[in-house]
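Student: Structure file input_37.cif, mmCIF, C-alpha atoms, is pasted below:
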```
data_final
loop_
_atom_site.label_atom_id
_atom_site.label_comp_id
_atom_site.auth_asym_id
_atom_site.auth_seq_id
_atom_site.Cartn_x
_atom_site.Cartn_y
_atom_site.Cartn_z
CA MET A 21 167.43 22.24 79.73
CA VAL A 22 166.29 24.70 82.29
CA LEU A 23 166.41 27.47 79.71
CA ALA A 24 164.28 25.45 77.31
CA MET A 25 161.65 24.75 79.98
CA THR A 26 161.52 28.43 80.89
CA LYS A 27 160.78 29.45 77.30
CA LYS A 28 158.03 26.82 77.04
CA VAL A 29 156.16 27.64 80.27
CA SER A 30 156.37 31.45 80.15
CA PRO A 31 153.66 32.06 77.42
CA LEU A 32 151.19 29.80 79.27
CA SER A 33 151.82 31.61 82.53
CA ILE A 34 151.29 35.00 80.95
CA ARG A 35 148.02 33.90 79.30
CA HIS A 36 146.88 32.41 82.59
CA VAL A 37 147.63 35.63 84.47
CA PHE A 38 145.75 37.72 81.88
CA TRP A 39 142.78 35.33 82.02
CA LEU A 40 142.60 35.51 85.81
CA GLY A 41 143.01 39.28 85.71
CA TRP A 42 140.17 39.65 83.23
CA LYS A 43 137.89 37.51 85.41
CA VAL A 44 138.74 39.65 88.45
CA VAL A 45 137.93 42.85 86.52
CA VAL A 46 134.58 41.43 85.41
CA VAL A 47 133.68 40.31 88.93
CA LEU A 48 134.69 43.67 90.43
CA SER A 49 132.73 45.57 87.77
CA ILE A 50 129.60 43.54 88.48
CA GLY A 51 130.10 44.07 92.22
CA LEU A 52 130.52 47.83 91.82
CA CYS A 53 127.39 48.02 89.67
CA VAL A 54 125.37 46.15 92.29
CA LEU A 55 126.78 48.38 95.05
CA ALA A 56 125.98 51.54 93.07
CA LEU A 57 122.42 50.35 92.45
CA PHE A 58 121.99 49.57 96.14
CA ARG A 59 123.29 52.97 97.20
CA LEU A 60 121.02 54.71 94.67
CA GLN A 61 117.96 52.92 95.99
CA HIS A 62 119.03 53.61 99.57
CA SER A 63 119.60 57.30 98.92
CA GLN A 64 116.21 57.64 97.24
CA SER A 65 114.55 56.12 100.30
CA GLU A 66 116.11 58.90 102.42
CA LEU A 67 115.20 61.88 100.23
CA PRO A 68 113.95 64.89 102.19
CA SER A 69 110.21 65.31 102.41
CA SER A 70 110.19 68.10 99.82
CA SER A 71 111.65 65.79 97.15
CA VAL A 72 109.24 63.00 97.99
CA SER A 73 106.32 65.40 97.84
CA HIS A 74 107.44 66.59 94.39
CA ARG A 75 107.01 63.07 92.99
CA SER A 76 103.64 62.54 94.63
CA ARG A 77 102.03 65.90 93.84
CA ASN A 78 100.74 64.77 90.46
CA LEU A 79 98.27 62.64 92.38
CA ASP A 80 96.52 65.61 94.01
CA ASP A 81 95.76 67.62 90.85
CA ASN A 82 92.16 66.36 90.97
CA PHE A 83 91.80 66.66 94.72
CA GLN A 84 88.19 66.58 95.93
CA GLY A 85 87.12 67.67 99.40
CA PRO A 86 87.17 70.73 101.66
CA PRO A 87 90.32 72.79 101.08
CA LYS A 88 92.48 73.51 104.12
CA ILE A 89 94.58 76.40 105.31
CA ALA A 90 97.96 75.17 106.57
CA PHE A 91 99.07 77.32 109.51
CA LEU A 92 102.88 77.22 109.60
CA PHE A 93 104.36 78.40 112.89
CA LEU A 94 108.02 79.38 112.95
CA ALA A 95 108.80 79.21 116.68
CA ARG A 96 111.99 79.63 118.67
CA ARG A 97 110.84 77.00 121.17
CA ASN A 98 107.26 76.95 122.48
CA LEU A 99 104.20 78.97 121.43
CA PRO A 100 103.61 81.60 124.16
CA LEU A 101 100.29 82.67 122.60
CA ASP A 102 98.92 79.12 122.32
CA PHE A 103 95.91 79.99 124.52
CA LEU A 104 94.74 82.58 121.98
CA TRP A 105 95.28 80.32 118.99
CA GLY A 106 93.58 77.46 120.82
CA SER A 107 90.45 79.58 121.12
CA PHE A 108 90.78 80.58 117.47
CA PHE A 109 90.90 76.95 116.28
CA GLN A 110 88.19 75.93 118.74
CA ASN A 111 85.75 77.97 116.69
CA ALA A 112 86.74 76.34 113.38
CA ASP A 113 85.83 73.19 111.50
CA ALA A 114 88.75 70.76 111.95
CA ALA A 115 88.39 69.76 108.28
CA ASN A 116 89.35 73.28 107.19
CA PHE A 117 92.81 73.68 108.71
CA SER A 118 96.04 71.94 109.59
CA ILE A 119 98.94 72.97 111.86
CA TYR A 120 102.71 72.59 111.47
CA ILE A 121 105.38 73.92 113.83
CA HIS A 122 109.09 74.37 113.24
CA SER A 123 110.63 74.59 116.68
CA GLU A 124 113.93 73.90 118.36
CA PRO A 125 115.21 70.43 117.40
CA GLY A 126 113.96 67.86 119.90
CA PHE A 127 111.23 70.07 121.38
CA VAL A 128 107.90 68.25 121.64
CA PHE A 129 104.46 69.84 121.95
CA ASP A 130 102.40 67.90 124.49
CA ASP A 131 100.38 68.57 127.66
CA SER A 132 103.56 69.61 129.47
CA THR A 133 104.61 72.26 126.93
CA THR A 134 101.38 73.75 125.54
CA ARG A 135 97.96 74.77 126.85
CA SER A 136 96.18 73.71 123.67
CA ALA A 137 95.68 70.16 122.39
CA PHE A 138 95.57 71.57 118.85
CA PHE A 139 99.38 71.75 118.97
CA TYR A 140 100.07 68.27 120.35
CA ASN A 141 102.76 66.57 118.26
CA ARG A 142 102.50 69.15 115.49
CA GLN A 143 106.27 69.83 115.53
CA LEU A 144 108.42 68.81 112.56
CA SER A 145 110.65 65.81 113.13
CA ASN A 146 113.38 67.24 110.87
CA SER A 147 113.66 70.75 112.35
CA ILE A 148 117.01 72.53 112.35
CA LYS A 149 118.75 75.10 114.52
CA VAL A 150 117.72 78.54 113.26
CA ALA A 151 119.65 81.80 113.59
CA TRP A 152 118.09 85.16 112.75
CA GLY A 153 119.53 86.73 109.62
CA GLU A 154 120.96 83.43 108.36
CA SER A 155 119.92 81.08 105.56
CA SER A 156 118.75 78.60 108.20
CA MET A 157 115.65 80.78 108.59
CA ILE A 158 114.52 80.28 104.99
CA GLN A 159 115.48 76.61 105.15
CA ALA A 160 113.09 76.26 108.13
CA GLU A 161 110.36 77.91 106.04
CA ARG A 162 111.02 75.43 103.22
CA LEU A 163 110.79 72.53 105.67
CA LEU A 164 107.41 73.76 106.91
CA LEU A 165 106.09 74.12 103.37
CA GLY A 166 107.47 70.72 102.39
CA ALA A 167 105.72 69.04 105.32
CA ALA A 168 102.42 70.81 104.60
CA LEU A 169 102.54 69.87 100.91
CA GLN A 170 102.30 66.20 101.90
CA ASP A 171 98.59 66.77 102.55
CA PRO A 172 96.81 67.37 99.22
CA ALA A 173 93.95 69.08 101.08
CA ASN A 174 96.24 71.99 102.04
CA ARG A 175 95.59 74.72 99.45
CA ARG A 176 96.73 77.87 101.30
CA PHE A 177 99.91 78.16 103.36
CA VAL A 178 100.22 80.89 106.01
CA LEU A 179 103.63 81.54 107.60
CA LEU A 180 103.38 82.87 111.16
CA SER A 181 105.79 83.73 113.96
CA ASP A 182 105.36 82.73 117.59
CA SER A 183 104.24 86.32 118.35
CA CYS A 184 101.54 86.54 115.65
CA VAL A 185 97.84 86.87 116.47
CA PRO A 186 94.71 86.58 114.33
CA LEU A 187 92.63 89.76 114.02
CA TYR A 188 89.40 88.00 113.01
CA LYS A 189 87.52 84.80 113.68
CA PHE A 190 88.51 81.72 111.69
CA SER A 191 85.54 81.83 109.30
CA TYR A 192 86.40 85.34 108.10
CA ILE A 193 90.09 84.50 107.53
CA TYR A 194 89.22 81.24 105.78
CA ASN A 195 86.76 82.88 103.37
CA TYR A 196 89.16 85.80 102.72
CA LEU A 197 92.07 83.55 101.71
CA MET A 198 90.08 80.95 99.81
CA ALA A 199 88.30 83.62 97.78
CA SER A 200 91.57 84.73 96.20
CA PRO A 201 93.45 82.63 93.62
CA ARG A 202 96.60 84.62 94.41
CA SER A 203 99.38 84.45 96.95
CA PHE A 204 99.87 87.37 99.34
CA VAL A 205 103.55 88.28 99.17
CA ASP A 206 104.89 91.69 100.13
CA SER A 207 107.33 92.34 97.27
CA PHE A 208 109.05 95.41 95.89
CA LEU A 209 112.28 96.36 94.14
CA ASP A 210 115.09 96.94 96.63
CA LYS A 211 116.72 100.12 95.32
CA LYS A 212 117.86 101.89 98.48
CA GLU A 213 119.57 99.31 100.63
CA ASP A 214 122.95 97.87 99.71
CA ARG A 215 122.01 94.23 100.30
CA TYR A 216 122.51 92.86 96.81
CA ASN A 217 125.81 91.05 96.41
CA PRO A 218 127.20 91.27 92.83
CA LYS A 219 128.54 87.72 93.27
CA MET A 220 124.92 86.54 92.98
CA SER A 221 125.03 87.40 89.29
CA PRO A 222 124.33 85.93 86.78
CA VAL A 223 122.02 83.52 88.63
CA ILE A 224 120.23 86.45 90.30
CA PRO A 225 120.51 89.68 88.29
CA MET A 226 120.25 92.92 90.22
CA ASN A 227 117.09 94.02 88.40
CA ARG A 228 115.22 90.98 89.80
CA TRP A 229 116.38 91.57 93.38
CA GLN A 230 113.26 91.96 95.53
CA LYS A 231 112.53 92.73 99.16
CA GLY A 232 109.48 92.33 101.39
CA SER A 233 107.97 90.94 104.56
CA GLN A 234 108.91 87.43 105.63
CA TRP A 235 105.29 86.69 106.58
CA ILE A 236 103.78 85.29 103.42
CA THR A 237 100.62 83.44 102.41
CA LEU A 238 101.02 81.16 99.40
CA VAL A 239 98.73 79.19 97.12
CA ARG A 240 99.77 75.59 96.59
CA SER A 241 101.53 76.03 93.25
CA HIS A 242 103.75 78.79 94.67
CA ALA A 243 104.53 76.73 97.78
CA GLU A 244 105.75 74.00 95.42
CA VAL A 245 108.04 76.49 93.65
CA VAL A 246 109.67 77.41 96.97
CA VAL A 247 110.15 73.80 98.10
CA ASP A 248 111.43 72.58 94.72
CA ASP A 249 113.92 75.43 94.24
CA GLU A 250 117.45 74.15 93.66
CA ALA A 251 118.89 77.22 91.93
CA ILE A 252 118.18 80.34 94.01
CA PHE A 253 118.49 78.94 97.54
CA PRO A 254 122.15 77.82 97.15
CA VAL A 255 123.06 81.33 95.97
CA PHE A 256 121.34 82.87 98.98
CA LYS A 257 123.07 80.42 101.30
CA LYS A 258 126.47 81.40 99.91
CA PHE A 259 126.16 85.14 99.31
CA CYS A 260 123.23 86.53 101.35
CA LYS A 261 124.52 86.80 104.91
CA ARG A 262 123.93 89.11 107.84
CA ARG A 263 126.72 91.57 108.54
CA PRO A 264 128.38 90.68 111.87
CA PRO A 265 127.78 93.15 114.72
CA ILE A 266 130.56 95.43 115.86
CA ASP A 267 132.89 93.63 118.24
CA ALA A 268 135.11 95.92 120.33
CA SER A 269 137.68 93.15 120.76
CA LYS A 270 138.35 93.09 116.99
CA GLY A 271 139.48 96.71 116.85
CA LYS A 272 140.18 98.06 113.35
CA GLN A 273 139.02 94.79 111.80
CA ASN A 274 135.47 96.07 112.40
CA ILE A 275 135.96 98.64 109.62
CA LYS A 276 136.44 95.85 107.08
CA LEU A 277 133.63 93.74 108.51
CA GLN A 278 131.13 96.62 108.34
CA LYS A 279 131.78 97.00 104.61
CA GLN A 280 130.25 93.57 103.97
CA HIS A 281 126.81 93.31 102.43
CA ASN A 282 124.22 93.20 105.19
CA CYS A 283 121.80 90.75 103.60
CA ILE A 284 118.83 89.35 105.54
CA PRO A 285 117.75 86.21 103.58
CA ASP A 286 114.17 85.95 104.86
CA GLU A 287 113.37 89.48 103.61
CA HIS A 288 114.45 88.68 100.05
CA TYR A 289 114.32 84.97 99.25
CA VAL A 290 110.67 84.18 98.42
CA GLN A 291 110.16 87.57 96.77
CA THR A 292 113.21 87.18 94.53
CA LEU A 293 112.47 83.52 93.76
CA LEU A 294 108.90 84.27 92.61
CA ALA A 295 110.12 87.25 90.56
CA MET A 296 112.77 85.05 88.92
CA SER A 297 110.01 82.52 88.19
CA ASP A 298 107.92 85.25 86.44
CA LEU A 299 105.08 84.75 88.94
CA GLU A 300 104.59 88.33 90.12
CA GLY A 301 101.45 88.58 88.00
CA GLU A 302 99.93 85.85 90.20
CA LEU A 303 100.53 87.75 93.46
CA GLU A 304 98.78 90.27 95.62
CA ARG A 305 101.99 92.14 96.32
CA ARG A 306 101.31 92.76 99.99
CA THR A 307 101.38 90.84 103.24
CA VAL A 308 98.29 90.06 105.31
CA THR A 309 100.32 90.30 108.55
CA TYR A 310 100.59 93.74 110.15
CA THR A 311 103.80 94.93 111.79
CA LEU A 312 104.28 98.30 113.52
CA TRP A 313 107.81 99.51 112.92
CA ASN A 314 109.88 101.88 115.02
CA GLN A 315 113.17 103.33 113.89
CA SER A 316 115.86 103.11 116.53
CA ALA A 317 119.61 103.31 116.85
CA THR A 318 122.01 101.49 119.12
CA ASN A 319 125.76 101.41 119.31
CA MET A 320 125.81 97.75 118.35
CA GLU A 321 123.35 97.67 115.49
CA GLY A 322 123.47 101.13 114.00
CA LYS A 323 120.41 102.70 112.51
CA GLY A 324 117.59 100.35 111.59
CA TRP A 325 113.93 99.54 111.78
CA HIS A 326 112.61 97.25 114.50
CA PRO A 327 109.08 95.92 115.17
CA ILE A 328 107.24 97.29 118.18
CA THR A 329 105.82 94.74 120.63
CA PHE A 330 102.16 95.29 121.51
CA SER A 331 101.45 95.23 125.23
CA TYR A 332 98.14 94.97 127.08
CA ALA A 333 97.91 98.77 127.20
CA ASN A 334 98.20 99.37 123.43
CA ALA A 335 96.15 96.36 122.25
CA GLY A 336 92.73 97.83 123.05
CA PRO A 337 89.71 97.98 120.73
CA GLN A 338 90.66 101.35 119.22
CA GLN A 339 94.18 100.23 118.32
CA ILE A 340 92.93 96.98 116.81
CA LYS A 341 90.25 98.85 114.84
CA ARG A 342 92.91 101.17 113.39
CA ILE A 343 94.79 98.13 112.06
CA LYS A 344 91.62 96.61 110.62
CA ASP A 345 90.70 99.87 108.91
CA ILE A 346 93.91 100.04 106.87
CA SER A 347 92.88 99.70 103.21
CA TYR A 348 96.10 100.36 101.27
CA VAL A 349 99.89 100.15 101.52
CA TYR A 350 102.31 102.65 99.96
CA TYR A 351 105.67 101.45 98.58
CA GLU A 352 108.05 104.39 98.45
CA THR A 353 110.79 102.73 96.36
CA GLU A 354 108.31 102.09 93.54
CA SER A 355 106.00 105.06 94.16
CA ARG A 356 103.27 102.45 94.23
CA THR A 357 100.03 102.41 96.20
CA GLU A 358 98.75 98.89 96.72
CA TRP A 359 95.01 99.01 97.36
CA CYS A 360 93.93 95.94 99.28
CA SER A 361 91.42 94.03 97.21
CA ASN A 362 90.17 90.49 96.81
CA ASN A 363 88.68 89.61 93.42
CA SER A 364 88.37 93.33 92.64
CA THR A 365 86.54 93.99 95.93
CA LEU A 366 88.17 96.31 98.48
CA VAL A 367 88.93 94.47 101.72
CA PRO A 368 90.90 95.14 104.93
CA CYS A 369 94.62 94.69 104.32
CA PHE A 370 95.50 92.64 107.38
CA LEU A 371 94.27 89.35 108.85
CA PHE A 372 97.07 88.88 111.39
CA ALA A 373 99.38 91.11 113.41
CA ARG A 374 102.68 90.89 115.28
CA LYS A 375 104.52 91.24 117.66
CA PHE A 376 102.07 90.65 120.52
CA SER A 377 102.98 90.00 124.14
CA GLN A 378 101.04 87.50 126.26
CA GLY A 379 99.26 90.41 127.95
CA ALA A 380 98.18 91.85 124.62
CA ALA A 381 96.98 88.43 123.46
CA MET A 382 94.99 87.98 126.68
CA ARG A 383 93.25 91.28 125.98
CA LEU A 384 92.27 90.14 122.48
CA LEU A 385 90.96 86.89 123.92
CA SER A 386 88.96 88.57 126.69
CA GLU A 387 87.37 90.95 124.20
CA GLY A 388 86.25 88.11 121.92
CA VAL A 389 88.31 89.12 118.88
CA VAL A 390 88.92 85.50 117.82
CA GLY A 391 85.78 83.96 119.28
CA PRO A 392 83.91 83.45 122.56
CA PHE A 393 86.09 84.08 125.60
CA ASN A 394 87.12 80.91 127.43
CA ALA A 395 88.80 81.66 130.77
CA THR A 396 89.99 78.06 131.18
CA ALA A 397 92.45 78.62 128.35
CA LEU A 398 94.35 80.98 130.64
CA LEU A 399 94.25 78.66 133.65
CA ASP A 400 95.79 75.62 131.97
CA THR A 401 99.47 76.53 132.35
CA PRO A 402 101.98 74.08 130.82
CA ARG A 403 103.91 72.19 133.46
#
```
As C-alpha cells, what does this structure read like?

Tutor:
Amino acid sequence: MVLAMTKKVSPLSIRHVFWLGWKVVVVLSIGLCVLALFRLQHSQSELPSSSVSHRSRNLDDNFQGPPKIAFLFLARRNLPLDFLWGSFFQNADAANFSIYIHSEPGFVFDDSTTRSAFFYNRQLSNSIKVAWGESSMIQAERLLLGAALQDPANRRFVLLSDSCVPLYKFSYIYNYLMASPRSFVDSFLDKKEDRYNPKMSPVIPMNRWQKGSQWITLVRSHAEVVVDDEAIFPVFKKFCKRRPPIDASKGKQNIKLQKQHNCIPDEHYVQTLLAMSDLEGELERRTVTYTLWNQSATNMEGKGWHPITFSYANAGPQQIKRIKDISYVYYETESRTEWCSNNSTLVPCFLFARKFSQGAAMRLLSEGVVGPFNATALLDTPR
C-alpha cells in the first residue's frame, strides 16, 4: 500500500517542483533585469564630465555670442604668478575669457591662497595627483579640456603652467588666437630619441609617432578630439612611461632599468593623437609658448635638456624684445623651417613664455608688459 501511494504521488511532486522552479527563475530574471537597468541609469548619471560634454556638444554648433579663450592652468598647488595674471585679466573684457585650474586635490583658490579674485573657486573639483613624466599629466590636461568644453562660448583653449607669463596685453593675444582657425601645436616626427615602444603597435604605428611641446593652444573641435579619445590614451598609459632614475641601492639592476624606453607622455600624446586623427593639416605646427632650453648633465638624470628659469636680472626689456622678435622655428629632425604666420600674415611666434620666477614676473608687471602697473597687486599677499 505504501508502495502504491509512492508511485501515485511522485509525478505530482515532480511537476510541482518544476513549476515552482520555473516561477523562481522568472522572478529572478525580472529582478536581475530591473537591477541591471537601475545600475545602467546610475552609472550614466556618474559619467565623467568629458562624456557628458560629448552628448551636449551638438547643442553649441550654432553658438551665438562673444567667443572666449579658456585659460587652462596646470598647477602643482597655488599660482605663484597670480599677481601678474590678475593684472592681465584686469585689462580684459570678462565676456572674452574663462579660467580653469588643475591643482592638487583638495586645494581651494580663495582670498587665503591667491592675490587675485579672478582665480577664486576656479579649481577643478575632480583633480588628480599628478607626477611629472607619468600619464597622470595628460589625464590632468584632459580634465581641464573637459571642464572648459562645458561652456559653449569657449572657442580657444590655452594650456599654461604655473610659471607661464603673457608677453602681450590681453587684447593682442585675443585677436591673435581668434584670427586663426587653426590650433597651435608644436609637432614633429621623433626620429632621434628612442621613446617609441614597439608594443604600442599596431594601435600607434612608429611612422605616426610625434613629439612636441606640452604647451598647446587648441580650437574647440581639436579639444573635443583629445577629451573623447578612448583609443590612444590607454596605450600611452600602458606603454609610455618615464624611465626610473638611477638608484644606487639597486646595484646592477640599474643596468636593466636604464634599457627601458624613456617615454614622457606629455611631449607626445596630443601630437600623436592629432596625427593619428589626420588633423595635421589643420594645425600651425608650432607652440605659442616660448621656452629657453639649456643642456645639462647630472649623475642622476644623465644628459638632457632642461628649461632655464628667468630671474629678475634676465627678464629686462631687451630680453623680452628678443623673444618677441622671433619669427620662425627650425625643426632639425624634419629639416623644416616653420615661419610664424596667421592667415598668411607674418606674426611674432610667441604669446607666452616660461619658466618665470616671481622676481621676473614682477619686472614684467612693473614695466607694463601686460597692462598698467598696479602696485597693490604685489601688496596683497595670500594669508

Student: Distance atom CA of A:Pro201-atom CA of A:Arg306, one decimal place?

Tutor: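 Between atom CA of A:Pro201 and atom CA of A:Arg306 the gap is 14.3 Å.
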
Student: Within 9 Å of (114.6, 88.9, 97.3) in the file's own coordinates, which protein, DNA or RNA residues have an atom, counting all atoms listed in the file? List them as a PyMOL selection string.

Tutor: chain A and resi 207-210+216+228-232+285-295

Student: Do you know which residues the PyMOL selection byres ((chain A and resi 182-194) around 6) returns on this file, as a list of chain:residue names?

Tutor: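 Taken on the displayed file, the PyMOL selection byres ((chain A and resi 182-194) around 6) yields the residues A:Ala95, A:Leu99, A:Ala112, A:Ser181, A:Asn195, A:Tyr196, A:Leu197, A:Leu371, A:Phe372, A:Ala373, A:Arg374, A:Lys375, A:Phe376, A:Val390, A:Gly391.
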
Student: Using atom CA of A:Leu104 and atom CA of A:Lys341 as the two end points, give the distance in Å to one decimal.

Tutor: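 These two atoms are separated by 18.3 Å.
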
Student: I'd like to know which of A:Thr353, A:Gln170, A:Ser147, A:Thr311 is closest to A:Gln234, using all atoms listed in the file.

Tutor: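 Under the stated criterion, the closest residue is A:Thr311.
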
Student: Which is closer to A:Ala168 than all the others in A:Asn314, A:Phe103, A:Asp298, A:Arg142, using all atoms listed in the file?

Tutor: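 For A:Ala168, the nearest of the candidates is A:Arg142.
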
Student: Evaluated on this file, the PyMOL selection byres ((chain A and resi 153) around 9) picks out some residues - which ones are they, written as a list of chain:residue names?

Tutor: A:Ala151, A:Trp152, A:Glu154, A:Ser155, A:Ser156, A:Met157, A:Lys261, A:Arg262, A:Arg263, A:Cys283, A:Ile284, A:Pro285, A:Asp286

Student: Because some atoms of stretch 89-119 of chain A are absent here, can you restore N, CA and C atoms and send them as a compact mmCIF listing (two decimals), keeping the file's coordinate frame?

Tutor:
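Heads up, here's the output in part-v2.txt:
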```
# COMPACT_ATOMS: atom_id res chain seq x y z
N ILE A 89 93.50 75.45 105.10
CA ILE A 89 94.58 76.40 105.31
C ILE A 89 95.62 75.71 106.19
N ALA A 90 96.86 75.69 105.75
CA ALA A 90 97.96 75.17 106.57
C ALA A 90 98.57 76.33 107.34
N PHE A 91 98.47 76.30 108.65
CA PHE A 91 99.07 77.32 109.51
C PHE A 91 100.47 76.85 109.89
N LEU A 92 101.47 77.61 109.44
CA LEU A 92 102.88 77.22 109.60
C LEU A 92 103.54 78.14 110.63
N PHE A 93 103.78 77.61 111.81
CA PHE A 93 104.36 78.40 112.89
C PHE A 93 105.88 78.23 112.93
N LEU A 94 106.57 79.36 112.84
CA LEU A 94 108.02 79.38 112.95
C LEU A 94 108.35 79.86 114.37
N ALA A 95 108.65 78.90 115.26
CA ALA A 95 108.80 79.21 116.68
C ALA A 95 110.24 79.00 117.13
N ARG A 96 110.66 79.83 118.09
CA ARG A 96 111.99 79.63 118.67
C ARG A 96 112.02 78.40 119.56
N ARG A 97 110.94 78.18 120.32
CA ARG A 97 110.84 77.00 121.17
C ARG A 97 109.37 76.62 121.32
N ASN A 98 108.68 77.22 122.30
CA ASN A 98 107.26 76.95 122.48
C ASN A 98 106.42 78.02 121.80
N LEU A 99 105.10 77.96 121.98
CA LEU A 99 104.20 78.97 121.43
C LEU A 99 103.57 79.73 122.61
N PRO A 100 104.11 80.88 122.97
CA PRO A 100 103.61 81.60 124.16
C PRO A 100 102.18 82.09 124.03
N LEU A 101 101.67 82.19 122.80
CA LEU A 101 100.29 82.67 122.60
C LEU A 101 99.36 81.51 122.22
N ASP A 102 99.72 80.30 122.67
CA ASP A 102 98.92 79.12 122.32
C ASP A 102 97.49 79.20 122.83
N PHE A 103 97.26 79.88 123.96
CA PHE A 103 95.91 79.99 124.52
C PHE A 103 94.99 80.77 123.59
N LEU A 104 95.54 81.79 122.92
CA LEU A 104 94.74 82.58 121.98
C LEU A 104 94.45 81.77 120.71
N TRP A 105 95.47 81.12 120.19
CA TRP A 105 95.28 80.32 118.99
C TRP A 105 94.38 79.12 119.26
N GLY A 106 94.47 78.57 120.46
CA GLY A 106 93.58 77.46 120.82
C GLY A 106 92.13 77.86 120.73
N SER A 107 91.81 79.07 121.21
CA SER A 107 90.45 79.58 121.12
C SER A 107 90.05 79.83 119.67
N PHE A 108 91.01 80.32 118.89
CA PHE A 108 90.78 80.58 117.47
C PHE A 108 90.40 79.29 116.74
N PHE A 109 91.17 78.23 116.96
CA PHE A 109 90.90 76.95 116.28
C PHE A 109 89.68 76.25 116.86
N GLN A 110 89.36 76.54 118.11
CA GLN A 110 88.19 75.93 118.74
C GLN A 110 86.91 76.30 118.01
N ASN A 111 86.93 77.47 117.40
CA ASN A 111 85.75 77.97 116.69
C ASN A 111 85.84 77.73 115.19
N ALA A 112 86.58 76.68 114.79
CA ALA A 112 86.74 76.34 113.38
C ALA A 112 86.39 74.89 113.15
N ASP A 113 86.07 74.57 111.90
CA ASP A 113 85.83 73.19 111.50
C ASP A 113 87.20 72.53 111.30
N ALA A 114 87.45 71.43 112.01
CA ALA A 114 88.75 70.76 111.95
C ALA A 114 89.12 70.32 110.53
N ALA A 115 88.12 70.17 109.66
CA ALA A 115 88.39 69.76 108.28
C ALA A 115 88.93 70.89 107.43
N ASN A 116 88.96 72.11 107.98
CA ASN A 116 89.35 73.28 107.19
C ASN A 116 90.73 73.82 107.51
N PHE A 117 91.48 73.17 108.39
CA PHE A 117 92.81 73.68 108.71
C PHE A 117 93.73 72.56 109.15
N SER A 118 95.01 72.83 109.07
CA SER A 118 96.04 71.94 109.59
C SER A 118 97.14 72.80 110.21
N ILE A 119 97.94 72.22 111.09
CA ILE A 119 98.94 72.97 111.86
C ILE A 119 100.30 72.28 111.76
```
